[in-house]
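Visitor: File work_23.pdb follows (PDB, C-alpha atoms, pLDDT in the B column):
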ATOM      1  CA  MET A 199      -6.311  21.049  32.124  1.00 56.00           C
ATOM      2  CA  ASN A 200      -6.545  17.298  31.482  1.00 60.00           C
ATOM      3  CA  SER A 201      -9.867  16.111  30.099  1.00 70.00           C
ATOM      4  CA  GLY A 202      -8.894  12.480  30.717  1.00 74.00           C
ATOM      5  CA  HIS A 203      -8.372  11.957  26.984  1.00 81.00           C
ATOM      6  CA  VAL A 204      -5.463   9.660  26.162  1.00 86.00           C
ATOM      7  CA  ARG A 205      -3.767  10.194  22.811  1.00 90.00           C
ATOM      8  CA  VAL A 206      -3.112   7.226  20.554  1.00 93.00           C
ATOM      9  CA  PRO A 207       0.583   6.187  20.711  1.00 95.00           C
ATOM     10  CA  TRP A 208       2.542   6.902  17.506  1.00 96.00           C
ATOM     11  CA  ASP A 209       3.071   3.226  16.618  1.00 97.00           C
ATOM     12  CA  ASP A 210      -0.669   2.551  16.956  1.00 96.00           C
ATOM     13  CA  TYR A 211      -1.517   5.682  14.964  1.00 97.00           C
ATOM     14  CA  PHE A 212       0.636   4.744  11.977  1.00 98.00           C
ATOM     15  CA  MET A 213      -0.367   1.072  12.150  1.00 98.00           C
ATOM     16  CA  LYS A 214      -4.042   2.010  12.086  1.00 97.00           C
ATOM     17  CA  ILE A 215      -3.319   4.056   8.963  1.00 98.00           C
ATOM     18  CA  ALA A 216      -1.554   1.016   7.424  1.00 98.00           C
ATOM     19  CA  THR A 217      -4.664  -1.032   8.239  1.00 97.00           C
ATOM     20  CA  LEU A 218      -6.799   1.527   6.404  1.00 98.00           C
ATOM     21  CA  VAL A 219      -4.399   1.529   3.428  1.00 98.00           C
ATOM     22  CA  ALA A 220      -4.752  -2.288   3.284  1.00 98.00           C
ATOM     23  CA  GLU A 221      -8.456  -1.862   2.496  1.00 97.00           C
ATOM     24  CA  ARG A 222      -7.425  -0.740  -1.033  1.00 96.00           C
ATOM     25  CA  SER A 223      -5.771  -4.131  -1.665  1.00 96.00           C
ATOM     26  CA  THR A 224      -7.034  -6.279  -4.528  1.00 94.00           C
ATOM     27  CA  CYS A 225      -5.399  -9.478  -3.250  1.00 92.00           C
ATOM     28  CA  ILE A 226      -7.841 -12.307  -2.669  1.00 90.00           C
ATOM     29  CA  ARG A 227      -5.712 -14.090  -0.061  1.00 88.00           C
ATOM     30  CA  ARG A 228      -4.481 -11.331   2.252  1.00 91.00           C
ATOM     31  CA  LYS A 229      -4.938  -7.574   2.315  1.00 95.00           C
ATOM     32  CA  VAL A 230      -1.714  -5.837   3.329  1.00 97.00           C
ATOM     33  CA  GLY A 231      -0.989  -2.150   3.870  1.00 98.00           C
ATOM     34  CA  ALA A 232       2.296  -0.342   4.481  1.00 98.00           C
ATOM     35  CA  VAL A 233       3.155   3.187   5.592  1.00 98.00           C
ATOM     36  CA  ILE A 234       6.685   4.585   5.573  1.00 98.00           C
ATOM     37  CA  VAL A 235       7.316   7.376   8.056  1.00 98.00           C
ATOM     38  CA  ARG A 236      10.205   9.600   9.101  1.00 98.00           C
ATOM     39  CA  ASP A 237      10.136  12.070  11.985  1.00 97.00           C
ATOM     40  CA  LYS A 238       6.449  11.244  12.572  1.00 97.00           C
ATOM     41  CA  HIS A 239       5.498  12.275   9.008  1.00 98.00           C
ATOM     42  CA  ILE A 240       4.120   9.934   6.354  1.00 98.00           C
ATOM     43  CA  LEU A 241       6.407   9.689   3.320  1.00 98.00           C
ATOM     44  CA  ALA A 242       4.711   6.931   1.308  1.00 98.00           C
ATOM     45  CA  THR A 243       1.990   4.300   1.478  1.00 98.00           C
ATOM     46  CA  GLY A 244       1.360   1.080  -0.403  1.00 98.00           C
ATOM     47  CA  TYR A 245      -0.990  -1.875  -0.564  1.00 97.00           C
ATOM     48  CA  ASN A 246      -0.704  -5.207  -2.335  1.00 96.00           C
ATOM     49  CA  GLY A 247      -2.230  -5.718  -5.758  1.00 93.00           C
ATOM     50  CA  ALA A 248      -1.503  -6.056  -9.468  1.00 92.00           C
ATOM     51  CA  PRO A 249       0.844  -3.580 -11.158  1.00 92.00           C
ATOM     52  CA  LYS A 250      -0.678  -0.381 -12.488  1.00 91.00           C
ATOM     53  CA  GLY A 251      -2.901  -0.935 -15.525  1.00 92.00           C
ATOM     54  CA  LEU A 252      -3.058  -4.734 -15.205  1.00 92.00           C
ATOM     55  CA  PRO A 253      -6.128  -6.776 -14.228  1.00 91.00           C
ATOM     56  CA  HIS A 254      -6.470  -7.368 -10.508  1.00 91.00           C
ATOM     57  CA  CYS A 255      -6.811 -10.771  -8.850  1.00 88.00           C
ATOM     58  CA  THR A 256     -10.295  -9.718  -7.719  1.00 90.00           C
ATOM     59  CA  GLU A 257     -11.138  -9.641 -11.455  1.00 91.00           C
ATOM     60  CA  ILE A 258      -9.285 -12.676 -12.837  1.00 91.00           C
ATOM     61  CA  GLY A 259      -8.562 -14.877  -9.830  1.00 89.00           C
ATOM     62  CA  CYS A 260      -5.421 -15.847  -7.956  1.00 88.00           C
ATOM     63  CA  LEU A 261      -2.943 -18.236  -9.576  1.00 87.00           C
ATOM     64  CA  ARG A 262      -1.367 -19.116  -6.212  1.00 86.00           C
ATOM     65  CA  GLU A 263      -4.807 -19.954  -4.816  1.00 86.00           C
ATOM     66  CA  GLN A 264      -5.645 -22.057  -7.894  1.00 88.00           C
ATOM     67  CA  LEU A 265      -2.386 -23.998  -7.488  1.00 89.00           C
ATOM     68  CA  GLY A 266      -2.854 -24.434  -3.722  1.00 89.00           C
ATOM     69  CA  ILE A 267       0.446 -22.746  -2.857  1.00 88.00           C
ATOM     70  CA  PRO A 268       0.795 -22.040   0.896  1.00 85.00           C
ATOM     71  CA  SER A 269       1.541 -18.576   2.258  1.00 78.00           C
ATOM     72  CA  GLY A 270       5.230 -17.685   2.158  1.00 74.00           C
ATOM     73  CA  GLU A 271       6.053 -20.050  -0.706  1.00 80.00           C
ATOM     74  CA  ARG A 272       6.604 -19.403  -4.433  1.00 84.00           C
ATOM     75  CA  VAL A 273       5.890 -15.670  -4.097  1.00 80.00           C
ATOM     76  CA  GLU A 274       7.556 -15.120  -7.491  1.00 82.00           C
ATOM     77  CA  ILE A 275       4.491 -16.430  -9.323  1.00 84.00           C
ATOM     78  CA  CYS A 276       2.129 -13.975  -7.644  1.00 86.00           C
ATOM     79  CA  ARG A 277       0.917 -11.296 -10.076  1.00 87.00           C
ATOM     80  CA  GLY A 278       0.658  -8.789  -7.237  1.00 90.00           C
ATOM     81  CA  ILE A 279       3.273  -6.435  -5.878  1.00 94.00           C
ATOM     82  CA  HIS A 280       3.643  -6.348  -2.110  1.00 95.00           C
ATOM     83  CA  ALA A 281       2.513  -3.375  -0.023  1.00 97.00           C
ATOM     84  CA  GLU A 282       6.055  -2.525   1.096  1.00 98.00           C
ATOM     85  CA  GLN A 283       7.272  -2.660  -2.511  1.00 97.00           C
ATOM     86  CA  ASN A 284       4.461  -0.354  -3.633  1.00 97.00           C
ATOM     87  CA  ALA A 285       5.384   2.130  -0.884  1.00 98.00           C
ATOM     88  CA  LEU A 286       9.050   2.043  -1.967  1.00 98.00           C
ATOM     89  CA  VAL A 287       8.092   2.520  -5.624  1.00 97.00           C
ATOM     90  CA  GLN A 288       5.767   5.399  -4.737  1.00 97.00           C
ATOM     91  CA  ALA A 289       8.593   7.150  -2.893  1.00 98.00           C
ATOM     92  CA  ALA A 290      10.974   6.567  -5.817  1.00 97.00           C
ATOM     93  CA  ARG A 291       8.472   7.938  -8.367  1.00 96.00           C
ATOM     94  CA  PHE A 292       8.140  11.152  -6.417  1.00 97.00           C
ATOM     95  CA  GLY A 293      11.806  11.479  -5.410  1.00 97.00           C
ATOM     96  CA  ILE A 294      11.222  10.993  -1.689  1.00 97.00           C
ATOM     97  CA  PRO A 295      14.285   9.742   0.203  1.00 97.00           C
ATOM     98  CA  LEU A 296      13.496   7.091   2.810  1.00 98.00           C
ATOM     99  CA  GLU A 297      16.813   7.008   4.686  1.00 97.00           C
ATOM    100  CA  ASN A 298      16.232   6.523   8.449  1.00 98.00           C
ATOM    101  CA  GLY A 299      12.551   5.822   7.855  1.00 98.00           C
ATOM    102  CA  VAL A 300      10.220   3.496   9.718  1.00 98.00           C
ATOM    103  CA  CYS A 301       7.950   1.051   7.883  1.00 98.00           C
ATOM    104  CA  TYR A 302       4.619   0.089   9.403  1.00 98.00           C
ATOM    105  CA  SER A 303       3.168  -2.974   7.710  1.00 98.00           C
ATOM    106  CA  THR A 304       0.103  -5.011   8.568  1.00 98.00           C
ATOM    107  CA  VAL A 305       2.161  -8.159   7.821  1.00 97.00           C
ATOM    108  CA  GLU A 306       5.825  -8.880   8.581  1.00 97.00           C
ATOM    109  CA  PRO A 307       7.864  -8.296   5.389  1.00 96.00           C
ATOM    110  CA  CYS A 308       8.852 -11.270   3.239  1.00 93.00           C
ATOM    111  CA  VAL A 309      12.513 -11.829   2.355  1.00 93.00           C
ATOM    112  CA  THR A 310      12.277  -9.791  -0.868  1.00 94.00           C
ATOM    113  CA  CYS A 311      10.617  -6.834   0.847  1.00 96.00           C
ATOM    114  CA  SER A 312      13.091  -7.083   3.737  1.00 97.00           C
ATOM    115  CA  LYS A 313      16.046  -6.818   1.342  1.00 97.00           C
ATOM    116  CA  MET A 314      14.478  -3.824  -0.403  1.00 97.00           C
ATOM    117  CA  LEU A 315      13.683  -2.071   2.885  1.00 98.00           C
ATOM    118  CA  ILE A 316      17.254  -2.630   4.095  1.00 98.00           C
ATOM    119  CA  ASN A 317      18.680  -1.098   0.906  1.00 98.00           C
ATOM    120  CA  ALA A 318      16.230   1.829   1.069  1.00 98.00           C
ATOM    121  CA  GLY A 319      17.695   2.781   4.460  1.00 98.00           C
ATOM    122  CA  ILE A 320      14.708   1.823   6.596  1.00 98.00           C
ATOM    123  CA  VAL A 321      15.888   1.545  10.223  1.00 98.00           C
ATOM    124  CA  LYS A 322      12.787   0.109  11.907  1.00 98.00           C
ATOM    125  CA  ILE A 323       9.888  -2.118  10.885  1.00 98.00           C
ATOM    126  CA  VAL A 324       6.722  -2.566  12.912  1.00 98.00           C
ATOM    127  CA  TYR A 325       4.168  -5.188  11.869  1.00 98.00           C
ATOM    128  CA  LEU A 326       0.916  -6.729  13.119  1.00 97.00           C
ATOM    129  CA  GLU A 327       0.869 -10.258  11.701  1.00 95.00           C
ATOM    130  CA  ALA A 328       3.855 -12.620  11.531  1.00 94.00           C
ATOM    131  CA  TYR A 329       4.915 -13.998   8.129  1.00 90.00           C
ATOM    132  CA  ALA A 330       5.436 -17.715   7.465  1.00 84.00           C
ATOM    133  CA  ASP A 331       8.979 -17.443   6.027  1.00 84.00           C
ATOM    134  CA  LYS A 332      11.493 -16.249   8.648  1.00 91.00           C
ATOM    135  CA  LEU A 333      14.441 -15.538   6.310  1.00 93.00           C
ATOM    136  CA  GLY A 334      13.371 -11.883   5.972  1.00 93.00           C
ATOM    137  CA  ALA A 335      13.413 -11.435   9.757  1.00 95.00           C
ATOM    138  CA  LYS A 336      16.846 -13.073   9.951  1.00 96.00           C
ATOM    139  CA  MET A 337      18.241 -10.705   7.320  1.00 96.00           C
ATOM    140  CA  LEU A 338      16.720  -7.665   9.043  1.00 97.00           C
ATOM    141  CA  LYS A 339      18.410  -8.691  12.288  1.00 97.00           C
ATOM    142  CA  GLN A 340      21.750  -9.195  10.535  1.00 97.00           C
ATOM    143  CA  ALA A 341      21.418  -5.735   8.937  1.00 97.00           C
ATOM    144  CA  GLY A 342      20.683  -4.118  12.293  1.00 97.00           C
ATOM    145  CA  VAL A 343      17.140  -3.117  11.336  1.00 97.00           C
ATOM    146  CA  GLU A 344      14.930  -3.011  14.414  1.00 97.00           C
ATOM    147  CA  HIS A 345      11.721  -4.959  13.826  1.00 96.00           C
ATOM    148  CA  HIS A 346       8.957  -6.061  16.127  1.00 96.00           C
ATOM    149  CA  GLN A 347       5.348  -7.160  16.221  1.00 97.00           C
ATOM    150  CA  LEU A 348       2.791  -4.711  17.562  1.00 95.00           C
ATOM    151  CA  THR A 349      -0.438  -5.410  19.393  1.00 91.00           C
ATOM    152  CA  LEU A 350      -2.804  -2.498  18.798  1.00 85.00           C
ATOM    153  CA  LYS A 351      -4.344  -0.941  21.877  1.00 76.00           C
ATOM    154  CA  GLU A 352      -8.102  -0.527  21.542  1.00 68.00           C
TER     155      GLU A 352
END
Could you render the structure as structure tokens?
Guide:
Amino acid sequence: MNSGHVRVPWDDYFMKIATLVAERSTCIRRKVGAVIVRDKHILATGYNGAPKGLPHCTEIGCLREQLGIPSGERVEICRGIHAEQNALVQAARFGIPLENGVCYSTVEPCVTCSKMLINAGIVKIVYLEAYADKLGAKMLKQAGVEHHQLTLKE
């Protein structure tokens, strides 16, 4: 019996969860969420913000904003840790292997996150919003990591 109900596709399902995770972000400039999945099961989540125990940008301001640094540039002076990095660290803290995992991120990974995801064994990355610096995408392609932008179905 078909009630006419259409189930949400898996990519949309996990991306909507990443969007919800992003709501925990304490970044003033851009809220980002990431979910790492394997075999349709969530392994780890992360959002961008200051390291554990340190003041958040929502409390003390954003140095990159104060200096007028454009998106994708000088990321090393940001006090926050990226969503993908937080998801990787969460998995490491709890001993969760990520080999053959899929990362859903609300923003395309930067070059640093791309390198970390490659080394963690992530095989596919799905994102909503493109990132300014394209070096990460180039490295993902060279490493054979599938990555593509998703348009959520309403």
Visitor: Each residue of stretch 294-346 of chain A lying at most 8 Å from stretch 219-234 of chain A should get a row with its shortest atom-to-atom pair and the distance in Å to one decimal, counting all atoms listed in the file; could you produce that, ordered by chain and increasing number, as CSV?
Guide:
residue,atom,partner,partner_atom,distance
A:Leu296,CA,A:Ile234,CA,7.8
A:Gly299,CA,A:Ile234,CA,6.4
A:Val300,CA,A:Ile234,CA,5.6
A:Cys301,CA,A:Ile234,CA,4.4
A:Tyr302,CA,A:Val233,CA,5.1
A:Ser303,CA,A:Ala232,CA,4.3
A:Thr304,CA,A:Val230,CA,5.6
A:Val305,CA,A:Val230,CA,6.4
Visitor: With the cut-off set at 9 Å and counting all atoms listed in the file, tabulate each residue of stretch 202-298 of chain A with an atom at most that distance from an atom of stretch 324-345 of chain A, showing the nearest atom pair and its distance in Å to one decimal, ordered by chain and increasing number, as a Markdown table.
Guide:
| residue | atom | partner | partner_atom | distance |
| --- | --- | --- | --- | --- |
| A:Asp209 | CA | A:Val324 | CA | 7.8 |
| A:Met213 | CA | A:Tyr325 | CA | 7.7 |
| A:Ser269 | CA | A:Ala330 | CA | 6.6 |
| A:Gly270 | CA | A:Ala330 | CA | 5.3 |
| A:Glu271 | CA | A:Asp331 | CA | 7.8 |
Visitor: Around all the atoms of stretch 238-243 of chain A listed in the file, draw an axis-aligned box and extend it by 6 Å on each of the six sides; I want its centre and edge lengths in Å to one decimal, as AutoDock Vina command-line options.
Guide:
--center_x 4.2 --center_y 8.3 --center_z 6.9 --size_x 16.5 --size_y 20.0 --size_z 23.3
Visitor: Mind telling me what the PyMOL selection byres ((chain A and resi 247-253) around 9) catches here, as a list in words?
Guide: Arg222, Ser223, Thr224, Cys225, Lys229, Tyr245, Asn246, His254, Cys255, Thr256, Glu257, Ile258, Cys276, Arg277, Gly278, Ile279, His280, Ala281 and Asn284 of chain A
Visitor: What separation in Å, quoted to one decimal, exists between atom CA of A:Ile240 and atom CA of A:Val309?
Guide: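 Interatomic distance here is 23.7 Å.
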Visitor: Of the candidates A:Ala216, A:Cys260, A:Ile320, A:Leu286, which shows the shortest atom-to-atom distance to A:Ala242, using only C-alpha atoms?
Guide: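 Smallest separation from A:Ala242 among the options: A:Leu286.
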Visitor: Please reconstruct the missing atoms of stretch 214-225 of chain A (target: all heavy atoms) and return them as a PDB file, keeping the file's coordinate frame.
Guide:
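Result file is result-v3.pdb:
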ATOM      1  N   LYS A 214      -2.624   1.899  12.445  1.00 97.00           N
ATOM      2  CA  LYS A 214      -4.042   2.010  12.086  1.00 97.00           C
ATOM      3  C   LYS A 214      -4.190   2.605  10.687  1.00 97.00           C
ATOM      4  O   LYS A 214      -5.087   2.215   9.932  1.00 97.00           O
ATOM      5  CB  LYS A 214      -4.792   2.841  13.130  1.00 97.00           C
ATOM      6  CG  LYS A 214      -5.008   2.077  14.422  1.00 97.00           C
ATOM      7  CD  LYS A 214      -5.749   2.898  15.464  1.00 97.00           C
ATOM      8  CE  LYS A 214      -5.937   2.074  16.733  1.00 97.00           C
ATOM      9  NZ  LYS A 214      -6.776   2.767  17.715  1.00 97.00           N
ATOM     10  N   ILE A 215      -3.303   3.514  10.325  1.00 98.00           N
ATOM     11  CA  ILE A 215      -3.319   4.056   8.963  1.00 98.00           C
ATOM     12  C   ILE A 215      -2.945   2.959   7.966  1.00 98.00           C
ATOM     13  O   ILE A 215      -3.574   2.814   6.911  1.00 98.00           O
ATOM     14  CB  ILE A 215      -2.388   5.286   8.845  1.00 98.00           C
ATOM     15  CG1 ILE A 215      -2.959   6.443   9.674  1.00 98.00           C
ATOM     16  CG2 ILE A 215      -2.214   5.701   7.380  1.00 98.00           C
ATOM     17  CD1 ILE A 215      -2.031   7.636   9.818  1.00 98.00           C
ATOM     18  N   ALA A 216      -1.941   2.132   8.292  1.00 98.00           N
ATOM     19  CA  ALA A 216      -1.554   1.016   7.424  1.00 98.00           C
ATOM     20  C   ALA A 216      -2.726   0.054   7.245  1.00 98.00           C
ATOM     21  O   ALA A 216      -2.948  -0.478   6.149  1.00 98.00           O
ATOM     22  CB  ALA A 216      -0.338   0.284   7.996  1.00 98.00           C
ATOM     23  N   THR A 217      -3.486  -0.159   8.309  1.00 97.00           N
ATOM     24  CA  THR A 217      -4.664  -1.032   8.239  1.00 97.00           C
ATOM     25  C   THR A 217      -5.710  -0.445   7.291  1.00 97.00           C
ATOM     26  O   THR A 217      -6.330  -1.172   6.505  1.00 97.00           O
ATOM     27  CB  THR A 217      -5.251  -1.241   9.652  1.00 97.00           C
ATOM     28  OG1 THR A 217      -4.228  -1.813  10.474  1.00 97.00           O
ATOM     29  CG2 THR A 217      -6.449  -2.159   9.635  1.00 97.00           C
ATOM     30  N   LEU A 218      -5.878   0.858   7.323  1.00 98.00           N
ATOM     31  CA  LEU A 218      -6.799   1.527   6.404  1.00 98.00           C
ATOM     32  C   LEU A 218      -6.296   1.434   4.962  1.00 98.00           C
ATOM     33  O   LEU A 218      -7.064   1.143   4.047  1.00 98.00           O
ATOM     34  CB  LEU A 218      -6.981   2.995   6.812  1.00 98.00           C
ATOM     35  CG  LEU A 218      -7.911   3.825   5.932  1.00 98.00           C
ATOM     36  CD1 LEU A 218      -9.332   3.271   5.944  1.00 98.00           C
ATOM     37  CD2 LEU A 218      -7.900   5.269   6.392  1.00 98.00           C
ATOM     38  N   VAL A 219      -5.000   1.637   4.761  1.00 98.00           N
ATOM     39  CA  VAL A 219      -4.399   1.529   3.428  1.00 98.00           C
ATOM     40  C   VAL A 219      -4.636   0.125   2.866  1.00 98.00           C
ATOM     41  O   VAL A 219      -4.926  -0.043   1.676  1.00 98.00           O
ATOM     42  CB  VAL A 219      -2.886   1.868   3.480  1.00 98.00           C
ATOM     43  CG1 VAL A 219      -2.192   1.533   2.167  1.00 98.00           C
ATOM     44  CG2 VAL A 219      -2.685   3.337   3.828  1.00 98.00           C
ATOM     45  N   ALA A 220      -4.554  -0.900   3.716  1.00 98.00           N
ATOM     46  CA  ALA A 220      -4.752  -2.288   3.284  1.00 98.00           C
ATOM     47  C   ALA A 220      -6.136  -2.511   2.667  1.00 98.00           C
ATOM     48  O   ALA A 220      -6.311  -3.412   1.846  1.00 98.00           O
ATOM     49  CB  ALA A 220      -4.551  -3.241   4.460  1.00 98.00           C
ATOM     50  N   GLU A 221      -7.095  -1.705   3.032  1.00 97.00           N
ATOM     51  CA  GLU A 221      -8.456  -1.862   2.496  1.00 97.00           C
ATOM     52  C   GLU A 221      -8.518  -1.599   0.992  1.00 97.00           C
ATOM     53  O   GLU A 221      -9.490  -1.968   0.344  1.00 97.00           O
ATOM     54  CB  GLU A 221      -9.425  -0.962   3.252  1.00 97.00           C
ATOM     55  CG  GLU A 221      -9.647  -1.416   4.687  1.00 97.00           C
ATOM     56  CD  GLU A 221     -10.663  -0.568   5.430  1.00 97.00           C
ATOM     57  OE1 GLU A 221     -11.534   0.055   4.779  1.00 97.00           O
ATOM     58  OE2 GLU A 221     -10.577  -0.528   6.673  1.00 97.00           O
ATOM     59  N   ARG A 222      -7.489  -0.963   0.416  1.00 96.00           N
ATOM     60  CA  ARG A 222      -7.425  -0.740  -1.033  1.00 96.00           C
ATOM     61  C   ARG A 222      -6.891  -1.967  -1.777  1.00 96.00           C
ATOM     62  O   ARG A 222      -6.949  -2.026  -3.002  1.00 96.00           O
ATOM     63  CB  ARG A 222      -6.512   0.452  -1.344  1.00 96.00           C
ATOM     64  CG  ARG A 222      -7.045   1.791  -0.957  1.00 96.00           C
ATOM     65  CD  ARG A 222      -8.042   2.358  -1.949  1.00 96.00           C
ATOM     66  NE  ARG A 222      -7.495   2.379  -3.301  1.00 96.00           N
ATOM     67  CZ  ARG A 222      -8.246   2.328  -4.396  1.00 96.00           C
ATOM     68  NH1 ARG A 222      -9.544   2.292  -4.317  1.00 96.00           N
ATOM     69  NH2 ARG A 222      -7.682   2.335  -5.597  1.00 96.00           N
ATOM     70  N   SER A 223      -6.373  -2.948  -1.060  1.00 96.00           N
ATOM     71  CA  SER A 223      -5.771  -4.131  -1.665  1.00 96.00           C
ATOM     72  C   SER A 223      -6.761  -4.875  -2.561  1.00 96.00           C
ATOM     73  O   SER A 223      -7.952  -4.929  -2.279  1.00 96.00           O
ATOM     74  CB  SER A 223      -5.295  -5.080  -0.554  1.00 96.00           C
ATOM     75  OG  SER A 223      -4.931  -6.325  -1.103  1.00 96.00           O
ATOM     76  N   THR A 224      -6.216  -5.451  -3.641  1.00 94.00           N
ATOM     77  CA  THR A 224      -7.034  -6.279  -4.528  1.00 94.00           C
ATOM     78  C   THR A 224      -6.588  -7.739  -4.469  1.00 94.00           C
ATOM     79  O   THR A 224      -6.934  -8.528  -5.340  1.00 94.00           O
ATOM     80  CB  THR A 224      -6.959  -5.760  -5.980  1.00 94.00           C
ATOM     81  OG1 THR A 224      -5.590  -5.741  -6.409  1.00 94.00           O
ATOM     82  CG2 THR A 224      -7.560  -4.361  -6.086  1.00 94.00           C
ATOM     83  N   CYS A 225      -5.829  -8.092  -3.445  1.00 92.00           N
ATOM     84  CA  CYS A 225      -5.399  -9.478  -3.250  1.00 92.00           C
ATOM     85  C   CYS A 225      -6.546 -10.274  -2.637  1.00 92.00           C
ATOM     86  O   CYS A 225      -7.198  -9.813  -1.697  1.00 92.00           O
ATOM     87  CB  CYS A 225      -4.176  -9.529  -2.334  1.00 92.00           C
ATOM     88  SG  CYS A 225      -3.581 -11.211  -2.018  1.00 92.00           S
TER      89      CYS A 225
END
